[in-house]
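my_file-v9.cif, holding mmCIF, C-alpha atoms (C1' of nucleotides):
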```
data_data
loop_
_atom_site.label_atom_id
_atom_site.label_comp_id
_atom_site.auth_asym_id
_atom_site.auth_seq_id
_atom_site.Cartn_x
_atom_site.Cartn_y
_atom_site.Cartn_z
CA MET A 1 4.96 -4.16 -18.02
CA PRO A 2 4.69 -2.09 -14.92
CA ALA A 3 1.85 -3.81 -13.06
CA LEU A 4 2.83 -4.88 -9.54
CA THR A 5 -0.58 -4.97 -7.93
CA SER A 6 -2.71 -2.26 -9.46
CA LYS A 7 -1.73 1.17 -10.64
CA PRO A 8 1.57 2.41 -9.28
CA VAL A 9 1.63 5.34 -11.64
CA PRO A 10 0.50 8.83 -10.65
CA LYS A 11 -1.56 10.40 -13.42
CA SER A 12 -0.24 13.78 -12.47
CA ARG A 13 -0.50 15.31 -9.03
CA LEU A 14 -2.97 14.09 -6.49
CA SER A 15 -5.97 15.64 -4.78
CA ALA A 16 -7.46 14.83 -1.40
CA ALA A 17 -10.40 13.24 -3.20
CA ALA A 18 -8.06 10.84 -4.98
CA TRP A 19 -6.65 9.72 -1.64
CA GLU A 20 -10.15 9.22 -0.29
CA GLN A 21 -11.21 7.11 -3.25
CA ALA A 22 -8.07 5.03 -3.06
CA ALA A 23 -8.71 4.54 0.63
CA LEU A 24 -12.22 3.26 -0.09
CA ASP A 25 -10.93 0.89 -2.76
CA LEU A 26 -8.35 -0.56 -0.42
CA LEU A 27 -10.89 -0.66 2.37
CA ALA A 28 -13.28 -2.70 0.24
CA GLU A 29 -10.51 -5.09 -0.79
CA SER A 30 -8.59 -5.64 2.41
CA GLY A 31 -10.43 -4.13 5.35
CA VAL A 32 -10.01 -1.12 7.57
CA ALA A 33 -6.67 -2.18 9.01
CA ALA A 34 -5.17 -2.25 5.53
CA VAL A 35 -5.86 1.42 5.03
CA ALA A 36 -2.39 2.56 6.04
CA VAL A 37 -0.49 5.55 4.78
CA GLU A 38 2.56 3.95 3.25
CA PRO A 39 0.78 1.14 1.38
CA LEU A 40 -1.71 3.66 0.03
CA ALA A 41 1.09 5.92 -1.10
CA ARG A 42 2.86 3.04 -2.84
CA ARG A 43 -0.37 2.18 -4.60
CA LEU A 44 -0.73 5.74 -5.81
CA GLY A 45 2.88 5.87 -6.92
CA VAL A 46 3.97 8.50 -4.41
CA THR A 47 5.44 8.57 -0.92
CA LYS A 48 3.87 9.57 2.34
CA GLY A 49 5.40 12.98 2.06
CA SER A 50 2.51 13.63 -0.29
CA PHE A 51 -0.10 12.21 2.02
CA TYR A 52 0.72 14.43 4.95
CA TRP A 53 0.33 17.48 2.79
CA HIS A 54 -3.30 16.58 2.05
CA PHE A 55 -4.25 15.15 5.46
CA ALA A 56 -3.13 15.88 8.97
CA THR A 57 -3.43 12.29 10.09
CA ARG A 58 -4.46 8.80 9.02
CA ASP A 59 -7.73 9.12 10.92
CA ALA A 60 -8.53 12.31 9.04
CA LEU A 61 -8.33 10.39 5.78
CA LEU A 62 -10.48 7.59 7.14
CA LYS A 63 -13.05 10.08 8.36
CA ALA A 64 -13.22 11.87 5.04
CA ALA A 65 -13.44 8.61 3.11
CA LEU A 66 -16.26 7.36 5.33
CA GLU A 67 -18.23 10.57 4.88
CA ARG A 68 -17.83 10.20 1.15
CA TRP A 69 -19.07 6.62 1.29
CA GLU A 70 -21.99 7.38 3.56
CA ARG A 71 -23.21 10.10 1.22
CA SER A 72 -22.92 8.02 -1.94
CA ASP A 73 -24.38 4.94 -0.29
CA ASP A 74 -27.56 6.77 0.56
CA SER A 75 -28.03 8.30 -2.85
CA ASP A 76 -26.87 5.25 -4.84
CA VAL A 77 -28.70 2.45 -3.06
CA LEU A 78 -31.69 3.58 -1.04
CA THR A 79 -32.94 6.57 -3.01
CA PRO A 80 -33.27 4.80 -6.38
CA ILE A 81 -35.13 1.90 -4.81
CA GLU A 82 -37.61 4.21 -3.16
CA ALA A 83 -39.10 4.67 -6.62
CA VAL A 84 -40.37 1.08 -6.63
CA SER A 85 -43.99 1.31 -5.52
CA ASP A 86 -44.85 -2.28 -4.60
CA PRO A 87 -43.33 -2.96 -1.18
CA ARG A 88 -42.68 -6.64 -1.87
CA GLU A 89 -40.91 -5.79 -5.08
CA ARG A 90 -39.03 -3.01 -3.30
CA VAL A 91 -37.62 -5.35 -0.69
CA ARG A 92 -36.83 -7.89 -3.38
CA GLU A 93 -34.94 -5.25 -5.32
CA LEU A 94 -33.04 -4.21 -2.20
CA ILE A 95 -31.93 -7.77 -1.61
CA ARG A 96 -30.96 -8.17 -5.24
CA GLN A 97 -28.69 -5.14 -4.96
CA VAL A 98 -26.84 -6.94 -2.24
CA SER A 99 -26.31 -10.08 -4.24
CA TYR A 100 -24.57 -8.21 -6.99
CA ARG A 101 -22.05 -7.02 -4.44
CA ARG A 102 -21.37 -3.61 -5.78
CA PRO A 103 -18.31 -1.84 -4.38
CA SER A 104 -20.45 -0.03 -1.85
CA HIS A 105 -21.43 -3.35 -0.29
CA ALA A 106 -17.86 -4.50 -0.08
CA VAL A 107 -17.12 -1.36 1.87
CA PHE A 108 -20.09 -2.06 4.10
CA ALA A 109 -18.90 -5.60 4.75
CA ALA A 110 -15.45 -4.34 5.65
CA LEU A 111 -16.87 -1.73 7.99
CA LEU A 112 -19.01 -4.30 9.76
CA ARG A 113 -15.81 -6.03 10.79
CA ALA A 114 -14.48 -2.91 12.44
CA LEU A 115 -17.60 -1.88 14.34
CA ASP A 116 -15.64 -1.47 17.55
CA GLN A 117 -13.48 1.35 16.21
CA PRO A 118 -14.69 4.81 17.21
CA LEU A 119 -14.62 6.16 13.67
CA ILE A 120 -16.56 3.24 12.23
CA GLY A 121 -19.27 2.46 14.77
CA PRO A 122 -21.27 5.67 14.40
CA VAL A 123 -21.25 5.38 10.61
CA ILE A 124 -22.68 1.87 10.62
CA GLU A 125 -25.11 2.96 13.28
CA ARG A 126 -26.51 5.79 11.17
CA VAL A 127 -26.61 3.76 7.99
CA SER A 128 -28.30 0.85 9.73
CA GLN A 129 -30.87 3.11 11.30
CA ARG A 130 -31.84 4.54 7.93
CA ARG A 131 -31.98 1.17 6.23
CA ILE A 132 -34.08 -0.43 8.94
CA GLU A 133 -36.47 2.50 8.78
CA PHE A 134 -36.63 2.06 5.03
CA VAL A 135 -37.58 -1.60 5.34
CA THR A 136 -39.96 -0.93 8.22
CA ASN A 137 -41.85 1.48 6.02
CA ALA A 138 -42.02 -1.06 3.24
CA PHE A 139 -43.51 -3.62 5.62
CA ARG A 140 -46.02 -1.11 6.95
CA GLN A 141 -47.13 -0.40 3.40
CA ALA A 142 -47.44 -4.15 2.91
CA GLY A 143 -50.07 -4.18 5.63
CA PHE A 144 -48.27 -5.03 8.85
CA ASP A 145 -48.91 -3.11 12.05
CA ASP A 146 -46.10 -0.94 13.38
CA ALA A 147 -44.59 -3.33 15.91
CA THR A 148 -44.68 -6.29 13.56
CA ALA A 149 -43.26 -4.26 10.72
CA ALA A 150 -40.39 -3.10 12.93
CA ASN A 151 -39.55 -6.61 14.07
CA ARG A 152 -39.69 -8.01 10.57
CA ALA A 153 -37.45 -5.23 9.39
CA ARG A 154 -34.98 -5.97 12.16
CA LEU A 155 -35.01 -9.61 11.21
CA ALA A 156 -34.58 -8.84 7.53
CA TYR A 157 -31.73 -6.44 8.16
CA SER A 158 -29.99 -8.83 10.53
CA ALA A 159 -30.29 -11.55 7.93
CA TYR A 160 -28.83 -9.19 5.36
CA VAL A 161 -25.91 -8.34 7.60
CA GLY A 162 -25.32 -11.99 8.42
CA PHE A 163 -25.50 -12.94 4.77
CA VAL A 164 -22.97 -10.31 3.78
CA GLN A 165 -20.62 -11.62 6.42
CA LEU A 166 -21.05 -15.29 5.65
CA ALA A 167 -21.18 -15.07 1.86
CA PRO A 168 -17.39 -15.26 1.32
CA ILE A 169 -17.25 -18.60 3.14
CA ALA A 170 -20.60 -19.99 2.02
CA GLN A 171 -20.17 -23.72 1.98
CA PRO A 172 -20.74 -25.19 -1.46
CA ARG A 173 -20.96 -21.70 -2.94
CA MET A 174 -24.57 -21.15 -3.98
CA ASN A 175 -25.13 -20.97 -7.71
CA HIS A 176 -27.48 -18.53 -9.38
CA ASP A 177 -30.60 -20.71 -9.30
CA GLU A 178 -30.11 -21.71 -5.70
CA PHE A 179 -29.66 -18.11 -4.78
CA GLU A 180 -32.83 -17.09 -6.59
CA ALA A 181 -34.72 -19.83 -4.78
CA TYR A 182 -33.30 -18.63 -1.49
CA ILE A 183 -34.40 -15.09 -2.21
CA ARG A 184 -37.87 -16.29 -3.14
CA ASP A 185 -38.16 -18.09 0.18
CA PHE A 186 -36.67 -15.10 1.96
CA ILE A 187 -39.38 -12.83 0.60
CA GLU A 188 -42.11 -15.41 1.13
CA ILE A 189 -41.10 -15.87 4.76
CA LEU A 190 -40.95 -12.17 5.49
CA ILE A 191 -44.00 -11.08 3.48
CA PRO A 192 -46.33 -14.10 3.21
CA HIS A 193 -48.69 -14.28 0.21
CA MET X 1 -2.63 -2.05 45.21
CA PRO X 2 -1.23 -3.86 42.21
CA ALA X 3 -4.25 -3.96 39.90
CA LEU X 4 -3.50 -2.41 36.53
CA THR X 5 -6.13 -4.02 34.34
CA SER X 6 -6.85 -7.54 35.51
CA LYS X 7 -4.58 -10.12 37.07
CA PRO X 8 -0.91 -9.34 36.61
CA VAL X 9 0.12 -11.97 39.13
CA PRO X 10 1.31 -15.42 38.14
CA LYS X 11 -0.22 -18.05 40.43
CA SER X 12 2.85 -20.18 40.01
CA ARG X 13 4.27 -21.36 36.72
CA LEU X 14 2.23 -21.44 33.58
CA SER X 15 1.02 -24.21 31.29
CA ALA X 16 0.17 -24.05 27.61
CA ALA X 17 -3.50 -24.41 28.56
CA ALA X 18 -3.31 -21.27 30.69
CA TRP X 19 -1.99 -19.32 27.72
CA GLU X 20 -4.75 -20.69 25.52
CA GLN X 21 -7.45 -19.71 27.99
CA ALA X 22 -5.98 -16.23 28.44
CA ALA X 23 -5.88 -15.90 24.66
CA LEU X 24 -9.58 -16.75 24.43
CA ASP X 25 -10.45 -14.26 27.17
CA LEU X 26 -8.57 -11.49 25.43
CA LEU X 27 -10.01 -12.55 22.11
CA ALA X 28 -13.55 -12.26 23.45
CA GLU X 29 -12.83 -8.85 24.95
CA SER X 30 -10.80 -7.13 22.27
CA GLY X 31 -10.78 -9.17 19.10
CA VAL X 32 -8.29 -11.30 17.24
CA ALA X 33 -5.80 -8.53 16.59
CA ALA X 34 -5.47 -7.91 20.33
CA VAL X 35 -4.19 -11.41 20.88
CA ALA X 36 -0.52 -10.44 20.82
CA VAL X 37 2.32 -12.05 22.70
CA GLU X 38 3.58 -9.18 24.82
CA PRO X 39 0.17 -7.91 26.00
CA LEU X 40 -0.82 -11.45 26.89
CA ALA X 41 2.39 -11.95 28.81
CA ARG X 42 1.85 -8.72 30.74
CA ARG X 43 -1.63 -9.86 31.60
CA LEU X 44 -0.31 -13.12 32.92
CA GLY X 45 2.41 -11.40 34.87
CA VAL X 46 5.32 -12.81 32.90
CA THR X 47 7.38 -11.82 29.88
CA LYS X 48 7.42 -13.24 26.42
CA GLY X 49 10.44 -15.34 27.31
CA SER X 50 7.89 -17.64 28.88
CA PHE X 51 5.56 -17.65 25.91
CA TYR X 52 8.10 -18.86 23.41
CA TRP X 53 8.90 -21.80 25.58
CA HIS X 54 5.29 -23.03 25.37
CA PHE X 55 4.57 -22.09 21.75
CA ALA X 56 6.72 -21.84 18.66
CA THR X 57 4.82 -18.87 17.28
CA ARG X 58 1.86 -16.59 17.86
CA ASP X 59 -0.16 -18.44 15.25
CA ALA X 60 0.45 -21.71 17.10
CA LEU X 61 -1.20 -20.22 20.17
CA LEU X 62 -4.11 -18.93 18.15
CA LYS X 63 -4.56 -22.29 16.51
CA ALA X 64 -4.54 -24.14 19.82
CA ALA X 65 -6.94 -21.66 21.39
CA LEU X 66 -9.34 -21.95 18.49
CA GLU X 67 -9.33 -25.73 18.66
CA ARG X 68 -10.11 -25.51 22.35
CA TRP X 69 -13.00 -23.13 21.67
CA GLU X 70 -14.40 -25.18 18.80
CA ARG X 71 -14.49 -28.29 20.97
CA SER X 72 -16.14 -26.60 23.93
CA ASP X 73 -18.58 -24.65 21.77
CA ASP X 74 -19.98 -27.83 20.31
CA SER X 75 -20.36 -29.62 23.62
CA ASP X 76 -21.53 -26.60 25.60
CA VAL X 77 -24.07 -25.07 23.25
CA LEU X 78 -25.41 -27.47 20.65
CA THR X 79 -25.30 -30.81 22.47
CA PRO X 80 -27.33 -29.73 25.53
CA ILE X 81 -29.99 -28.19 23.35
CA GLU X 82 -30.37 -31.34 21.32
CA ALA X 83 -32.17 -32.76 24.34
CA VAL X 84 -35.13 -30.42 23.79
CA SER X 85 -37.65 -32.49 21.87
CA ASP X 86 -40.06 -29.87 20.51
CA PRO X 87 -38.36 -28.22 17.50
CA ARG X 88 -39.97 -24.83 18.08
CA GLU X 89 -38.85 -24.83 21.67
CA ARG X 90 -35.42 -26.04 20.62
CA VAL X 91 -34.90 -23.11 18.26
CA ARG X 92 -36.27 -20.75 20.86
CA GLU X 93 -33.80 -22.10 23.40
CA LEU X 94 -30.96 -21.73 20.92
CA ILE X 95 -31.82 -18.11 20.36
CA ARG X 96 -32.12 -17.50 24.08
CA GLN X 97 -28.61 -18.81 24.58
CA VAL X 98 -27.40 -16.12 22.24
CA SER X 99 -29.15 -13.33 24.07
CA TYR X 100 -27.41 -14.15 27.30
CA ARG X 101 -24.10 -13.62 25.54
CA ARG X 102 -22.04 -16.24 27.23
CA PRO X 103 -18.29 -15.99 26.73
CA SER X 104 -18.43 -18.47 23.90
CA HIS X 105 -20.63 -16.10 21.93
CA ALA X 106 -18.30 -13.21 22.52
CA VAL X 107 -15.54 -15.33 21.01
CA PHE X 108 -17.79 -16.15 18.09
CA ALA X 109 -18.56 -12.49 17.50
CA ALA X 110 -14.87 -11.64 17.58
CA LEU X 111 -14.06 -14.43 15.14
CA LEU X 112 -16.75 -13.27 12.73
CA ARG X 113 -14.83 -10.04 12.40
CA ALA X 114 -11.70 -11.84 11.32
CA LEU X 115 -13.20 -14.22 8.81
CA ASP X 116 -10.63 -13.29 6.21
CA GLN X 117 -7.69 -14.59 8.21
CA PRO X 118 -6.59 -18.07 7.18
CA LEU X 119 -6.66 -19.45 10.73
CA ILE X 120 -10.14 -18.13 11.46
CA GLY X 121 -12.13 -18.72 8.29
CA PRO X 122 -12.12 -22.52 8.38
CA VAL X 123 -13.16 -22.56 12.03
CA ILE X 124 -16.21 -20.36 11.43
CA GLU X 125 -16.93 -22.39 8.35
CA ARG X 126 -17.07 -25.67 10.25
CA VAL X 127 -19.00 -24.24 13.17
CA SER X 128 -21.51 -22.57 10.87
CA GLN X 129 -22.00 -25.74 8.88
CA ARG X 130 -22.82 -27.72 12.01
CA ARG X 131 -25.14 -25.07 13.38
CA ILE X 132 -27.06 -24.66 10.15
CA GLU X 133 -27.46 -28.42 9.92
CA PHE X 134 -28.74 -28.40 13.47
CA VAL X 135 -31.38 -25.81 12.69
CA THR X 136 -32.25 -27.44 9.38
CA ASN X 137 -33.02 -30.66 11.22
CA ALA X 138 -35.21 -28.80 13.70
CA PHE X 139 -37.19 -27.29 10.84
CA ARG X 140 -37.56 -30.63 9.14
CA GLN X 141 -38.93 -32.08 12.35
CA ALA X 142 -41.31 -29.13 12.47
CA GLY X 143 -42.79 -30.33 9.22
CA PHE X 144 -41.01 -28.41 6.45
CA ASP X 145 -39.72 -30.13 3.35
CA ASP X 146 -35.96 -30.36 2.90
CA ALA X 147 -35.42 -27.37 0.64
CA THR X 148 -37.65 -25.07 2.68
CA ALA X 149 -36.10 -26.23 5.92
CA ALA X 150 -32.63 -25.51 4.57
CA ASN X 151 -33.55 -22.02 3.42
CA ARG X 152 -35.26 -21.16 6.68
CA ALA X 153 -32.23 -22.41 8.56
CA ARG X 154 -29.97 -20.24 6.41
CA LEU X 155 -32.19 -17.27 7.07
CA ALA X 156 -32.31 -17.95 10.80
CA TYR X 157 -28.57 -18.41 11.06
CA SER X 158 -27.88 -15.30 9.01
CA ALA X 159 -30.20 -13.36 11.26
CA TYR X 160 -28.38 -14.73 14.27
CA VAL X 161 -25.01 -13.73 12.88
CA GLY X 162 -26.30 -10.29 11.96
CA PHE X 163 -27.83 -9.84 15.37
CA VAL X 164 -24.62 -10.76 17.13
CA GLN X 165 -22.79 -8.21 15.04
CA LEU X 166 -25.28 -5.41 15.43
CA ALA X 167 -26.20 -5.93 19.07
CA PRO X 168 -23.37 -3.78 20.49
CA ILE X 169 -24.59 -0.75 18.54
CA ALA X 170 -28.33 -1.45 18.70
CA GLN X 171 -29.97 1.91 18.61
CA PRO X 172 -32.07 2.60 21.69
CA ARG X 173 -30.76 -0.60 23.31
CA MET X 174 -33.65 -3.06 23.45
CA ASN X 175 -34.96 -3.76 26.94
CA HIS X 176 -35.95 -7.20 28.17
CA ASP X 177 -39.61 -7.04 27.17
CA GLU X 178 -38.86 -5.68 23.73
CA PHE X 179 -36.31 -8.41 23.22
CA GLU X 180 -38.77 -11.09 24.28
CA ALA X 181 -41.33 -9.68 21.86
CA TYR X 182 -38.73 -9.70 19.11
CA ILE X 183 -37.89 -13.32 19.81
CA ARG X 184 -41.60 -14.23 19.77
CA ASP X 185 -41.96 -12.63 16.34
CA PHE X 186 -38.71 -14.23 15.23
CA ILE X 187 -40.03 -17.69 16.06
CA GLU X 188 -43.49 -16.95 14.67
CA ILE X 189 -42.03 -15.77 11.38
CA LEU X 190 -39.73 -18.74 10.99
CA ILE X 191 -42.11 -21.44 12.28
CA PRO X 192 -45.68 -20.16 11.73
CA HIS X 193 -48.42 -21.44 14.05
"C1'" DG B 1 23.54 -32.32 47.85
"C1'" DC B 2 24.21 -32.44 42.70
"C1'" DC B 3 22.20 -32.48 37.96
"C1'" DT B 4 19.06 -32.19 34.61
"C1'" DG B 5 14.95 -30.64 32.73
"C1'" DT B 6 11.38 -27.01 33.10
"C1'" DC B 7 9.91 -22.37 33.02
"C1'" DA B 8 11.10 -17.51 32.77
"C1'" DA B 9 13.92 -12.75 32.38
"C1'" DT B 10 16.73 -9.86 29.55
"C1'" DA B 11 18.46 -8.16 25.56
"C1'" DC B 12 18.73 -8.02 20.80
"C1'" DG B 13 17.50 -7.62 15.54
"C1'" DC B 14 14.00 -6.80 12.25
"C1'" DA B 15 9.73 -5.16 10.24
"C1'" DT B 16 5.82 -2.01 9.88
"C1'" DG B 17 3.19 1.82 11.03
"C1'" DC B 18 2.60 6.85 12.54
"C1'" DG B 19 3.98 11.43 12.35
"C1'" DT B 20 7.72 15.42 11.68
"C1'" DA B 21 11.19 18.21 9.41
"C1'" DT B 22 13.27 19.89 5.71
"C1'" DG B 23 14.50 20.57 1.12
"C1'" DG B 24 13.40 20.23 -3.87
"C1'" DA B 25 10.70 20.37 -8.16
"C1'" DA B 26 6.86 21.81 -10.84
"C1'" DA B 27 3.15 25.03 -11.77
"C1'" DC B 28 0.91 29.16 -11.44
"C1'" DT B 29 1.22 34.38 -11.07
"C1'" DA B 30 2.78 38.75 -11.50
"C1'" DT L 1 11.55 35.79 -15.81
"C1'" DA L 2 11.30 36.02 -10.92
"C1'" DG L 3 8.71 34.69 -6.99
"C1'" DT L 4 5.26 32.27 -4.59
"C1'" DT L 5 2.36 28.43 -3.91
"C1'" DT L 6 1.47 23.66 -4.38
"C1'" DC L 7 2.76 19.07 -4.22
"C1'" DC L 8 6.14 15.53 -3.22
"C1'" DA L 9 10.85 12.97 -1.73
"C1'" DT L 10 14.01 11.84 1.80
"C1'" DA L 11 15.37 11.10 6.20
"C1'" DC L 12 14.50 10.81 10.84
"C1'" DG L 13 12.44 9.51 15.68
"C1'" DC L 14 9.26 6.70 18.06
"C1'" DA L 15 6.18 2.88 19.16
"C1'" DT L 16 4.62 -1.90 18.79
"C1'" DG L 17 4.82 -6.47 17.32
"C1'" DC L 18 7.39 -10.90 16.06
"C1'" DG L 19 10.90 -14.04 16.86
"C1'" DT L 20 15.90 -15.48 18.67
"C1'" DA L 21 19.67 -16.08 21.86
"C1'" DT L 22 21.47 -16.32 26.08
"C1'" DT L 23 21.41 -16.68 30.84
"C1'" DG L 24 19.19 -17.61 35.23
"C1'" DA L 25 16.07 -19.73 38.89
"C1'" DC L 26 13.75 -23.55 40.72
"C1'" DA L 27 11.98 -28.02 40.69
"C1'" DG L 28 12.33 -33.19 41.17
"C1'" DG L 29 15.10 -37.56 40.53
"C1'" DC L 30 19.35 -39.82 41.96
#
```
Please lay out the structure from this file as C-alpha cells.
Amino acid sequence: MPALTSKPVPKSRLSAAAWEQAALDLLAESGVAAVAVEPLARRLGVTKGSFYWHFATRDALLKAALERWERSDDSDVLTPIEAVSDPRERVRELIRQVSYRRPSHAVFAALLRALDQPLIGPVIERVSQRRIEFVTNAFRQAGFDDATAANRARLAYSAYVGFVQLAPIAQPRMNHDEFEAYIRDFIEILIPH
Amino acid sequence: MPALTSKPVPKSRLSAAAWEQAALDLLAESGVAAVAVEPLARRLGVTKGSFYWHFATRDALLKAALERWERSDDSDVLTPIEAVSDPRERVRELIRQVSYRRPSHAVFAALLRALDQPLIGPVIERVSQRRIEFVTNAFRQAGFDDATAANRARLAYSAYVGFVQLAPIAQPRMNHDEFEAYIRDFIEILIPH
DNA sequence: GCCTGTCAATACGCATGCGTATGGAAACTA
DNA sequence: TAGTTTCCATACGCATGCGTATTGACAGGC
C-alpha cells in the first residue's frame, strides 16, 4: 500500500503544467511557504533534477502557477455568476460560492496570508479590484448611487476576506442553518428590503 | 556611523522582557516568520549565546511575546473604549482606533497571516471571541435582538479583519476624507438611523 | 579581594531550502 | 539501429535557521 501522503507515483513523465497544478494543490493545503522544490518533487515521485529542467527557479514556478490560478478564478467564479440577473440573488450566489470552499478559495485564502511577498501582492490586488467592481456594479443595479454602492461593495468584500480568514478558527463552528441565517442577515444588511 | 538597520547597540545587559518586546516589534514589521533568533540577536547587538540563556527555545520566546501582547491588547484597546456610553459612538471609536494603525494592530495583522501555526491560532481565537462579544453587546444596547446583534457583530468584525488585511494594497490609497466617508457608511449600514 | 551567579561570545552539528553540474535512461527521429 | 532530444537522478556547494557546549567577562555578596 504505497500511500505516504498523497500520490508519490509518477504517471509517466511530467510536464510544466503538472508542476504548476501540484504547486497550486500544495499551496491550497499548506500555504505559500510550503511550495518548495524538494517537497513538491517528492510528492510527484521525482527529484528536483526534474524540476529544474522545467523551471529556471522556484519563483518561476510560483509565477506560472499564480497566472494559471488567476485565469481560472476569473472564468470559474465571476463569469458564471454574471449570468444571474437579479443583483440581490447575484450577491447571494457569490457568497454561497465562498461557503462551499472550492479549491480556488483555498488558494485565495492562502494567498491572502502572503500579501507582502512581491509575487503575491499584485495578484491579489488585481483579483480584488475586479471582484469589488463586480459587486459595486451589482449594488448600482440594485438602486444605490455610485458612492454608496462602492462603499457597500468595499464593506462586503472586506467581510468576505475576513470571513475566509476566520472561518478555520470559527468558535463553535457554525452549522448549516446558522450559516444560512448569517447569510440572510448579511444580504439584508447590505441590500435592505 | 554605526546604524545598519535600527539599534545594534546593547544598552547594557538584556532581560527576557527586552527580547519579548523586540520580538513584537519585529513581528509587527515583518511577520511571524521573521521572528528568528539570530536576526533578533543582531538587532539587539548581541549573539544568540545570549538568547538561549533567557529562553529555552524560539517557540518559548514567541509564546511569551504573544502573552504579553494579548494582555496589553485587551487593556489598551477594548477597556478604554468600554467607557464610551453611546453604542454607535463606541463602535465608531473602535473602528477609528484601527485606522490609526497603532503597533498593536500591526501585530494583529501579522498574526492573522499565521493563523495556521499552533502557537498563533489560539491567541487570535481568544482575542476574536472577546472582540466579537464586545461588539455584540454594543449592538444589543443599540436595540437589536440577540441573534441580529450577533450576526451584525460577526459581519463588522469580519469586515474589520478584511480591511486590516487589504489596507496595505488598497488600490488608489484612500485619502482621509474618503476614509471618513467610508466609516460613516460603515456605521450607517451596521446601525441604521 | 575572592567566589559565585548572571549574561554573553564562539564554535559546532544538524536540518532544510535553493540552485548547479554532470551523467544516465527513455523516447522520438531519421 | 544509430543519434538526438527530452526528462530525470545523483551529488555537490552555499545559505539560513535551530539548538548545544564550552568558555569568558562582569557583577554583587562575603
- request: Residues of chain L near chain X: apply a cut-off of 10 Å, count all atoms listed in the file, and supply the list as a ChimeraX atom specification.
  value: /L:16-20
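From atom CA of X:Glu180 back to atom CA of A:Ala167, the distance works out to 28.8 Å.
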Within 9 Å of chain X: residues of chain B, using all atoms listed in the file, as an mmCIF file with C-alpha atoms (C1' of nucleotides), in the coordinates of the input:
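Heads up, here's the output in out-v2.cif:
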```cif
data_model
loop_
_atom_site.group_PDB
_atom_site.id
_atom_site.type_symbol
_atom_site.label_atom_id
_atom_site.label_comp_id
_atom_site.auth_asym_id
_atom_site.auth_seq_id
_atom_site.Cartn_x
_atom_site.Cartn_y
_atom_site.Cartn_z
ATOM 1 C "C1'" DC B 7 9.910 -22.370 33.020
ATOM 2 C "C1'" DA B 8 11.100 -17.510 32.770
ATOM 3 C "C1'" DA B 9 13.920 -12.750 32.380
ATOM 4 C "C1'" DT B 10 16.730 -9.860 29.550
#
```
- request: Might you spell out which residues the PyMOL selection byres ((chain X) within 8 of (chain A)) would select in the displayed file, as a PyMOL selection string?
  value: chain X and resi 112-114+121+125+129+148+151-152+155-163+165-166+169-171+182+185-186+189-190
Spatial neighbours of L:DC26, max dist 10 Å, only C-alpha atoms (C1' of nucleotides), sep filter under 2 positions, as a PyMOL selection string: (chain B and resi 6-7) or (chain L and resi 24+28)
field: Residues near X:Val77, cut-off 12 Å, only C-alpha atoms (C1' of nucleotides), skip fewer than 3 positions along chain, as number ranges by chain
entry: X: 69-74, 80-83, 90, 93-98, 101-105, 127, 130-131, 134
Resolved residues for the PyMOL selection byres ((chain B and resi 28) around 10) as an NGL selection string: (:B and (26-27 or 29-30)) or (:L and (4-6))
Atoms kept (C-alpha atoms (C1' of nucleotides)) for selection, written as an mmCIF file, keeping the file's coordinate frame:
```cif
data_model
loop_
_atom_site.group_PDB
_atom_site.id
_atom_site.type_symbol
_atom_site.label_atom_id
_atom_site.label_comp_id
_atom_site.auth_asym_id
_atom_site.auth_seq_id
_atom_site.Cartn_x
_atom_site.Cartn_y
_atom_site.Cartn_z
ATOM 1 C "C1'" DA B 26 6.860 21.810 -10.840
ATOM 2 C "C1'" DA B 27 3.150 25.030 -11.770
ATOM 3 C "C1'" DT B 29 1.220 34.380 -11.070
ATOM 4 C "C1'" DA B 30 2.780 38.750 -11.500
ATOM 5 C "C1'" DT L 4 5.260 32.270 -4.590
ATOM 6 C "C1'" DT L 5 2.360 28.430 -3.910
ATOM 7 C "C1'" DT L 6 1.470 23.660 -4.380
#
```
